[in-house]
Amino acid sequence: MTFQQIVARFKHNAYKLHASHRVALTLVVGSLAVVILCIAASSIPDVHAANKLGDSAQEKSQGAASQQKPNENAHFVGSESCKSCHQDTYNGWKRTRMANVVQDPKVHPEAVLGDFSHADPARPFDLDQVAFVYGSRFKQRYFTKRGDDYFPLQAQWDVKKGKWLPYHVEAGADWWVPFYGPTNFDRPTGPTCDGCHSVNYDVQTKHVTEWNVGCEKCHGPGSLHVAHPTRKNIVNPETLDYVRGNDTCIQCHSQGQPLSNPIAGKYYDWPVGFLPGERLADYWKLEELKPGTTNFLQYADLTAHKNRMQGNDFVQSNMYHRQLRCFDCHEVHTDAVSNLPVSGNKLCLSCHTKENAAGLKGTVSEHTHHAEGSAGSQCTACHMPRIEQTIKDNFVAAHTFRFITPTETEQSGIPNPCTSCHADKTTKWANSELRNWSSTSPWRVGQ
């Protein structure tokens, strides 16, 4: 309540009193006004001091997030420059997959996962042709260098199944395919990949400050901060408004196109020129999704069909609408699985408490209708089903957080979590089971 509102409230109540009481109350209000003004005046220097440090309560709050933008006078200096001051954070980041997504096999032979010890008809190249290995969790791809460009080789390693599979982006898949030739060696990784696998990829020189997702990929150019460390001369996604905070991640975890293409004569599949702290929408448009359509990119309900579309999913979600950020769930400086600070339901239930309107009204098992601790009782089993393809028969989690109903499977073919787990059952069986869930609205489960 503002000072003016307080005074108005007192005046309103005062006129209900006897005249002599009103006189006394007027004196009280006057005294109170003096006290409030004195307190406010005395606090002004502290507020300015806090703002000077960039650490005020207002700046920390999400509702009044920092409007910090990258400094145009700063340049990139590399993650090693951050190490001396941020040792623990640097050490945590250094162990993450993002810090190690691209590796030179001659420098890091341990990074090679594919079997090069035996000939394989699916792999028409040898390790000595590989300049970079890319990836380590679901798949590993291999880049060779020709001239000043890198190109993807014709096979990829399926990490889970331990076998070689062909690698070639077919016609009708990614939007950029028609703008390049038909073979892998017609498709340099600079325009199609490298902007997200490096820091400060220069489209003119094809040079990078460093390979992999380094500190400045999320915090922006750091030269001024290294020379004179303050909170004001480096971007901290944690203090940005939720749109620009999420944009830090969505710049690479989304499918889309630059607003201006071609760039320097080539078609780029990443947001050229974007820096953390800016609005991604000024550089990048998300892939246009079409309700009722199932294709390479999407299911009919607009859930993504392929990997690297977490951002396309997330911006549709209630979580995004409620101004959550990717890093509210993912701790990007840790090497935990999926960068999650805690496992199982603990992460979800830290917010979805009984006191929260969006929280559980009973126990977890009462909500899920599965035994506590079972696979079917995990929040992600129903709200983040693994239906988005990253490599043949390997799928990653959806990020819309919607429950996909068996009825939607019948209507459009999108996989639902019920019969994805209970693979021996039908959608008819699943709908019958859901109708018996008295704790769940039938309108929410597609009845």
# chains A, B, ... in the order shown; residues from 1 in each chain; ligands from 1

$ select_by_dssp --residues "stretch 205-357 of chain A" --states "strand (DSSP E)" --output "VMD selection string"
chain A and resid 210 to 211 256 to 258 284 to 286

$ write_last_selection --atoms "N, CA and C atoms" --output "mmCIF file, in the first residue's frame"
data_model
loop_
_atom_site.group_PDB
_atom_site.id
_atom_site.type_symbol
_atom_site.label_atom_id
_atom_site.label_comp_id
_atom_site.auth_asym_id
_atom_site.auth_seq_id
_atom_site.Cartn_x
_atom_site.Cartn_y
_atom_site.Cartn_z
ATOM 1 N N GLU A 210 36.360 -19.855 -28.868
ATOM 2 C CA GLU A 210 36.612 -21.207 -28.349
ATOM 3 C C GLU A 210 35.489 -22.126 -28.814
ATOM 4 N N TRP A 211 35.828 -23.394 -28.982
ATOM 5 C CA TRP A 211 34.822 -24.399 -29.279
ATOM 6 C C TRP A 211 34.110 -24.784 -27.987
ATOM 7 N N GLY A 256 14.434 -23.042 -35.718
ATOM 8 C CA GLY A 256 13.920 -21.819 -36.300
ATOM 9 C C GLY A 256 14.830 -21.340 -37.410
ATOM 10 N N GLN A 257 14.759 -20.028 -37.690
ATOM 11 C CA GLN A 257 15.579 -19.433 -38.741
ATOM 12 C C GLN A 257 15.928 -17.998 -38.348
ATOM 13 N N PRO A 258 17.100 -17.508 -38.776
ATOM 14 C CA PRO A 258 17.397 -16.082 -38.591
ATOM 15 C C PRO A 258 16.366 -15.226 -39.330
ATOM 16 N N TRP A 284 15.780 -13.999 -34.453
ATOM 17 C CA TRP A 284 15.426 -15.396 -34.677
ATOM 18 C C TRP A 284 13.921 -15.555 -34.649
ATOM 19 N N LYS A 285 13.402 -16.356 -35.541
ATOM 20 C CA LYS A 285 11.987 -16.696 -35.486
ATOM 21 C C LYS A 285 11.879 -18.199 -35.287
ATOM 22 N N LEU A 286 11.071 -18.604 -34.342
ATOM 23 C CA LEU A 286 10.863 -20.023 -34.105
ATOM 24 C C LEU A 286 10.125 -20.643 -35.286
#

$ residues_around --residues "A:Trp437" --least-positions-apart "3" --cutoff "10 Å" --atoms "only C-alpha atoms" --output "list in words"
Glu366, His367, Thr368, His369, Ser432, Glu433, Leu434, Thr440, Ser441, Pro442 and Val445 of chain A

$ closest_residue --among "A:Pro191, A:Gly373, A:Gly78, A:Pro406" --to "A:Gly214" --atoms "only C-alpha atoms"
A:Gly78

$ residues_around --residues "stretch 152-154 of chain A" --least-positions-apart "4" --cutoff "6 Å" --atoms "only C-alpha atoms" --output "number ranges by chain"
A: 142-143, 166-167, 184

$ write_last_selection --atoms "N, CA and C atoms" --output "mmCIF file, in the first residue's frame"
data_model
loop_
_atom_site.group_PDB
_atom_site.id
_atom_site.type_symbol
_atom_site.label_atom_id
_atom_site.label_comp_id
_atom_site.auth_asym_id
_atom_site.auth_seq_id
_atom_site.Cartn_x
_atom_site.Cartn_y
_atom_site.Cartn_z
ATOM 1 N N TYR A 142 30.785 -37.103 -36.475
ATOM 2 C CA TYR A 142 32.197 -36.922 -36.783
ATOM 3 C C TYR A 142 32.356 -35.911 -37.910
ATOM 4 N N PHE A 143 33.198 -34.896 -37.677
ATOM 5 C CA PHE A 143 33.418 -33.838 -38.648
ATOM 6 C C PHE A 143 34.826 -33.960 -39.216
ATOM 7 N N PRO A 166 23.914 -44.748 -40.544
ATOM 8 C CA PRO A 166 24.178 -43.703 -41.551
ATOM 9 C C PRO A 166 23.800 -42.328 -41.019
ATOM 10 N N TYR A 167 24.518 -41.299 -41.478
ATOM 11 C CA TYR A 167 24.130 -39.933 -41.143
ATOM 12 C C TYR A 167 24.058 -39.101 -42.424
ATOM 13 N N ASN A 184 26.899 -34.780 -47.874
ATOM 14 C CA ASN A 184 27.403 -34.171 -46.645
ATOM 15 C C ASN A 184 28.520 -33.166 -46.919
#

$ residues_around --residues "A:Ala155" --least-positions-apart "3" --cutoff "10 Å" --atoms "only C-alpha atoms" --output "list in words"
Gly114, Pro121, Ala122, Arg123, Pro124, Phe125, Gln140, Arg141, Tyr142, Pro152, Asp158, Trp164, Leu165, Pro166, Tyr167 and His168 of chain A

$ write_last_selection --atoms "C-alpha atoms" --output "PDB file, in the first residue's frame"
ATOM      1  CA  GLY A 114      32.609 -45.060 -31.933  1.00  0.00           C
ATOM      2  CA  PRO A 121      30.027 -50.905 -44.148  1.00  0.00           C
ATOM      3  CA  ALA A 122      28.037 -48.121 -42.473  1.00  0.00           C
ATOM      4  CA  ARG A 123      31.255 -46.189 -41.760  1.00  0.00           C
ATOM      5  CA  PRO A 124      33.147 -45.276 -44.950  1.00  0.00           C
ATOM      6  CA  PHE A 125      35.889 -43.316 -43.147  1.00  0.00           C
ATOM      7  CA  GLN A 140      28.312 -39.136 -31.625  1.00  0.00           C
ATOM      8  CA  ARG A 141      28.915 -37.551 -35.006  1.00  0.00           C
ATOM      9  CA  TYR A 142      32.197 -36.922 -36.783  1.00  0.00           C
ATOM     10  CA  PRO A 152      29.843 -33.983 -41.249  1.00  0.00           C
ATOM     11  CA  ASP A 158      24.492 -44.882 -31.618  1.00  0.00           C
ATOM     12  CA  TRP A 164      27.095 -47.386 -36.551  1.00  0.00           C
ATOM     13  CA  LEU A 165      24.193 -45.755 -38.354  1.00  0.00           C
ATOM     14  CA  PRO A 166      24.178 -43.703 -41.551  1.00  0.00           C
ATOM     15  CA  TYR A 167      24.130 -39.933 -41.143  1.00  0.00           C
ATOM     16  CA  HIS A 168      22.622 -37.777 -43.850  1.00  0.00           C
TER      17      HIS A 168
END

$ closest_residue --among "A:Glu216, A:Glu288, A:Glu278, A:Asp424" --to "A:Asp241" --atoms "only C-alpha atoms"
A:Glu278

$ residues_around --residues "A:Thr405" --least-positions-apart "4" --cutoff "12 Å" --atoms "only C-alpha atoms" --output "compact mmCIF listing (two decimals) with C-alpha atoms, in the first residue's frame"
# COMPACT_ATOMS: atom_id res chain seq x y z
CA ASP A 301 -0.78 -31.08 -30.96
CA CYS A 382 3.31 -38.38 -17.74
CA HIS A 383 4.27 -34.72 -18.13
CA PRO A 385 7.27 -38.23 -22.11
CA THR A 409 -3.21 -40.80 -29.96
CA GLU A 410 -6.37 -42.12 -31.59
CA GLN A 411 -7.00 -38.80 -33.31
CA SER A 412 -3.52 -37.92 -34.59
CA GLY A 413 -1.05 -40.65 -33.71
CA ILE A 414 0.99 -38.70 -31.15
CA PRO A 415 2.35 -41.15 -28.54
CA ASN A 416 0.72 -40.93 -25.13
CA PRO A 417 2.53 -41.83 -21.90
CA CYS A 418 0.01 -44.52 -20.89
CA THR A 419 0.44 -46.91 -23.79
CA SER A 420 4.06 -45.88 -24.30
CA THR A 427 -5.76 -46.76 -26.08
CA LYS A 428 -9.21 -48.18 -25.38
CA ALA A 430 -6.05 -46.62 -21.21
CA ASN A 431 -9.20 -44.52 -21.61
CA SER A 432 -11.15 -47.04 -19.56
CA GLU A 433 -8.57 -46.83 -16.77
CA LEU A 434 -8.55 -43.03 -16.80
CA ARG A 435 -12.34 -42.90 -16.48
CA PRO A 442 -12.29 -36.22 -17.07
CA TRP A 443 -11.98 -33.06 -19.14
CA ARG A 444 -8.24 -33.01 -18.47
CA VAL A 445 -7.61 -36.56 -19.62
CA GLY A 446 -9.50 -36.41 -22.87
CA GLN A 447 -12.81 -38.04 -22.02

$ residues_around --residues "A:Pro262" --least-positions-apart "6" --cutoff "12 Å" --atoms "only C-alpha atoms" --output "PyMOL selection string"
chain A and resi 176+179-180+191+203+268-272

$ write_last_selection --atoms "C-alpha atoms" --output "short mmCIF file (atom, residue, chain, number, x, y, z; two decimals), in the first residue's frame"
data_model
loop_
_atom_site.label_atom_id
_atom_site.label_comp_id
_atom_site.auth_asym_id
_atom_site.auth_seq_id
_atom_site.Cartn_x
_atom_site.Cartn_y
_atom_site.Cartn_z
CA TRP A 176 17.94 -25.42 -45.02
CA PHE A 179 19.93 -24.39 -50.13
CA TYR A 180 22.85 -26.80 -50.10
CA PRO A 191 26.20 -22.34 -41.19
CA VAL A 203 30.75 -15.83 -40.26
CA TYR A 268 22.38 -20.17 -41.32
CA ASP A 269 20.54 -22.45 -38.90
CA TRP A 270 21.40 -20.51 -35.75
CA PRO A 271 20.75 -16.90 -34.59
CA VAL A 272 23.73 -15.06 -36.07
#

$ closest_residue --among "A:Lys161, A:Arg137, A:His422, A:His333" --to "A:Thr96" --atoms "only C-alpha atoms"
A:His333

$ residues_around --residues "A:Leu324" --least-positions-apart "6" --cutoff "12 Å" --atoms "only C-alpha atoms" --output "mmCIF file with N, CA and C atoms, in the first residue's frame"
data_model
loop_
_atom_site.group_PDB
_atom_site.id
_atom_site.type_symbol
_atom_site.label_atom_id
_atom_site.label_comp_id
_atom_site.auth_asym_id
_atom_site.auth_seq_id
_atom_site.Cartn_x
_atom_site.Cartn_y
_atom_site.Cartn_z
ATOM 1 N N GLN A 62 11.917 -11.224 -9.808
ATOM 2 C CA GLN A 62 11.597 -11.550 -11.194
ATOM 3 C C GLN A 62 10.678 -10.508 -11.804
ATOM 4 N N GLY A 63 9.827 -9.921 -10.968
ATOM 5 C CA GLY A 63 8.878 -8.946 -11.487
ATOM 6 C C GLY A 63 9.536 -7.652 -11.933
ATOM 7 N N GLU A 238 20.476 -14.975 -14.670
ATOM 8 C CA GLU A 238 19.646 -15.100 -13.475
ATOM 9 C C GLU A 238 18.915 -13.798 -13.157
ATOM 10 N N LEU A 240 18.064 -11.422 -15.465
ATOM 11 C CA LEU A 240 17.291 -10.908 -16.594
ATOM 12 C C LEU A 240 15.805 -11.203 -16.415
ATOM 13 N N ASP A 241 14.956 -10.472 -17.130
ATOM 14 C CA ASP A 241 13.546 -10.832 -17.152
ATOM 15 C C ASP A 241 13.402 -12.223 -17.763
ATOM 16 N N TYR A 242 12.257 -12.860 -17.526
ATOM 17 C CA TYR A 242 12.134 -14.268 -17.882
ATOM 18 C C TYR A 242 12.239 -14.522 -19.388
ATOM 19 N N VAL A 243 11.848 -13.538 -20.205
ATOM 20 C CA VAL A 243 11.950 -13.725 -21.655
ATOM 21 C C VAL A 243 13.414 -13.791 -22.063
ATOM 22 N N ARG A 244 14.190 -12.783 -21.673
ATOM 23 C CA ARG A 244 15.594 -12.750 -22.082
ATOM 24 C C ARG A 244 16.422 -13.787 -21.329
ATOM 25 N N GLY A 245 16.023 -14.109 -20.109
ATOM 26 C CA GLY A 245 16.712 -15.183 -19.393
ATOM 27 C C GLY A 245 16.566 -16.505 -20.123
ATOM 28 N N ASN A 246 15.350 -16.824 -20.535
ATOM 29 C CA ASN A 246 15.116 -18.056 -21.295
ATOM 30 C C ASN A 246 15.743 -17.995 -22.689
ATOM 31 N N PHE A 314 8.758 -25.288 -24.799
ATOM 32 C CA PHE A 314 8.649 -24.583 -23.523
ATOM 33 C C PHE A 314 7.831 -23.303 -23.625
ATOM 34 N N VAL A 315 7.973 -22.559 -24.716
ATOM 35 C CA VAL A 315 7.243 -21.291 -24.821
ATOM 36 C C VAL A 315 5.739 -21.509 -24.920
ATOM 37 N N SER A 317 4.206 -23.602 -22.875
ATOM 38 C CA SER A 317 3.817 -24.210 -21.597
ATOM 39 C C SER A 317 3.289 -23.209 -20.585
ATOM 40 N N ASN A 318 2.540 -23.733 -19.617
ATOM 41 C CA ASN A 318 2.122 -22.915 -18.479
ATOM 42 C C ASN A 318 3.325 -22.471 -17.661
ATOM 43 N N HIS A 330 17.267 -26.540 -14.376
ATOM 44 C CA HIS A 330 18.551 -27.074 -14.824
ATOM 45 C C HIS A 330 19.700 -26.250 -14.253
ATOM 46 N N CYS A 351 8.438 -27.183 -5.897
ATOM 47 C CA CYS A 351 7.526 -26.079 -6.213
ATOM 48 C C CYS A 351 6.058 -26.507 -6.120
#
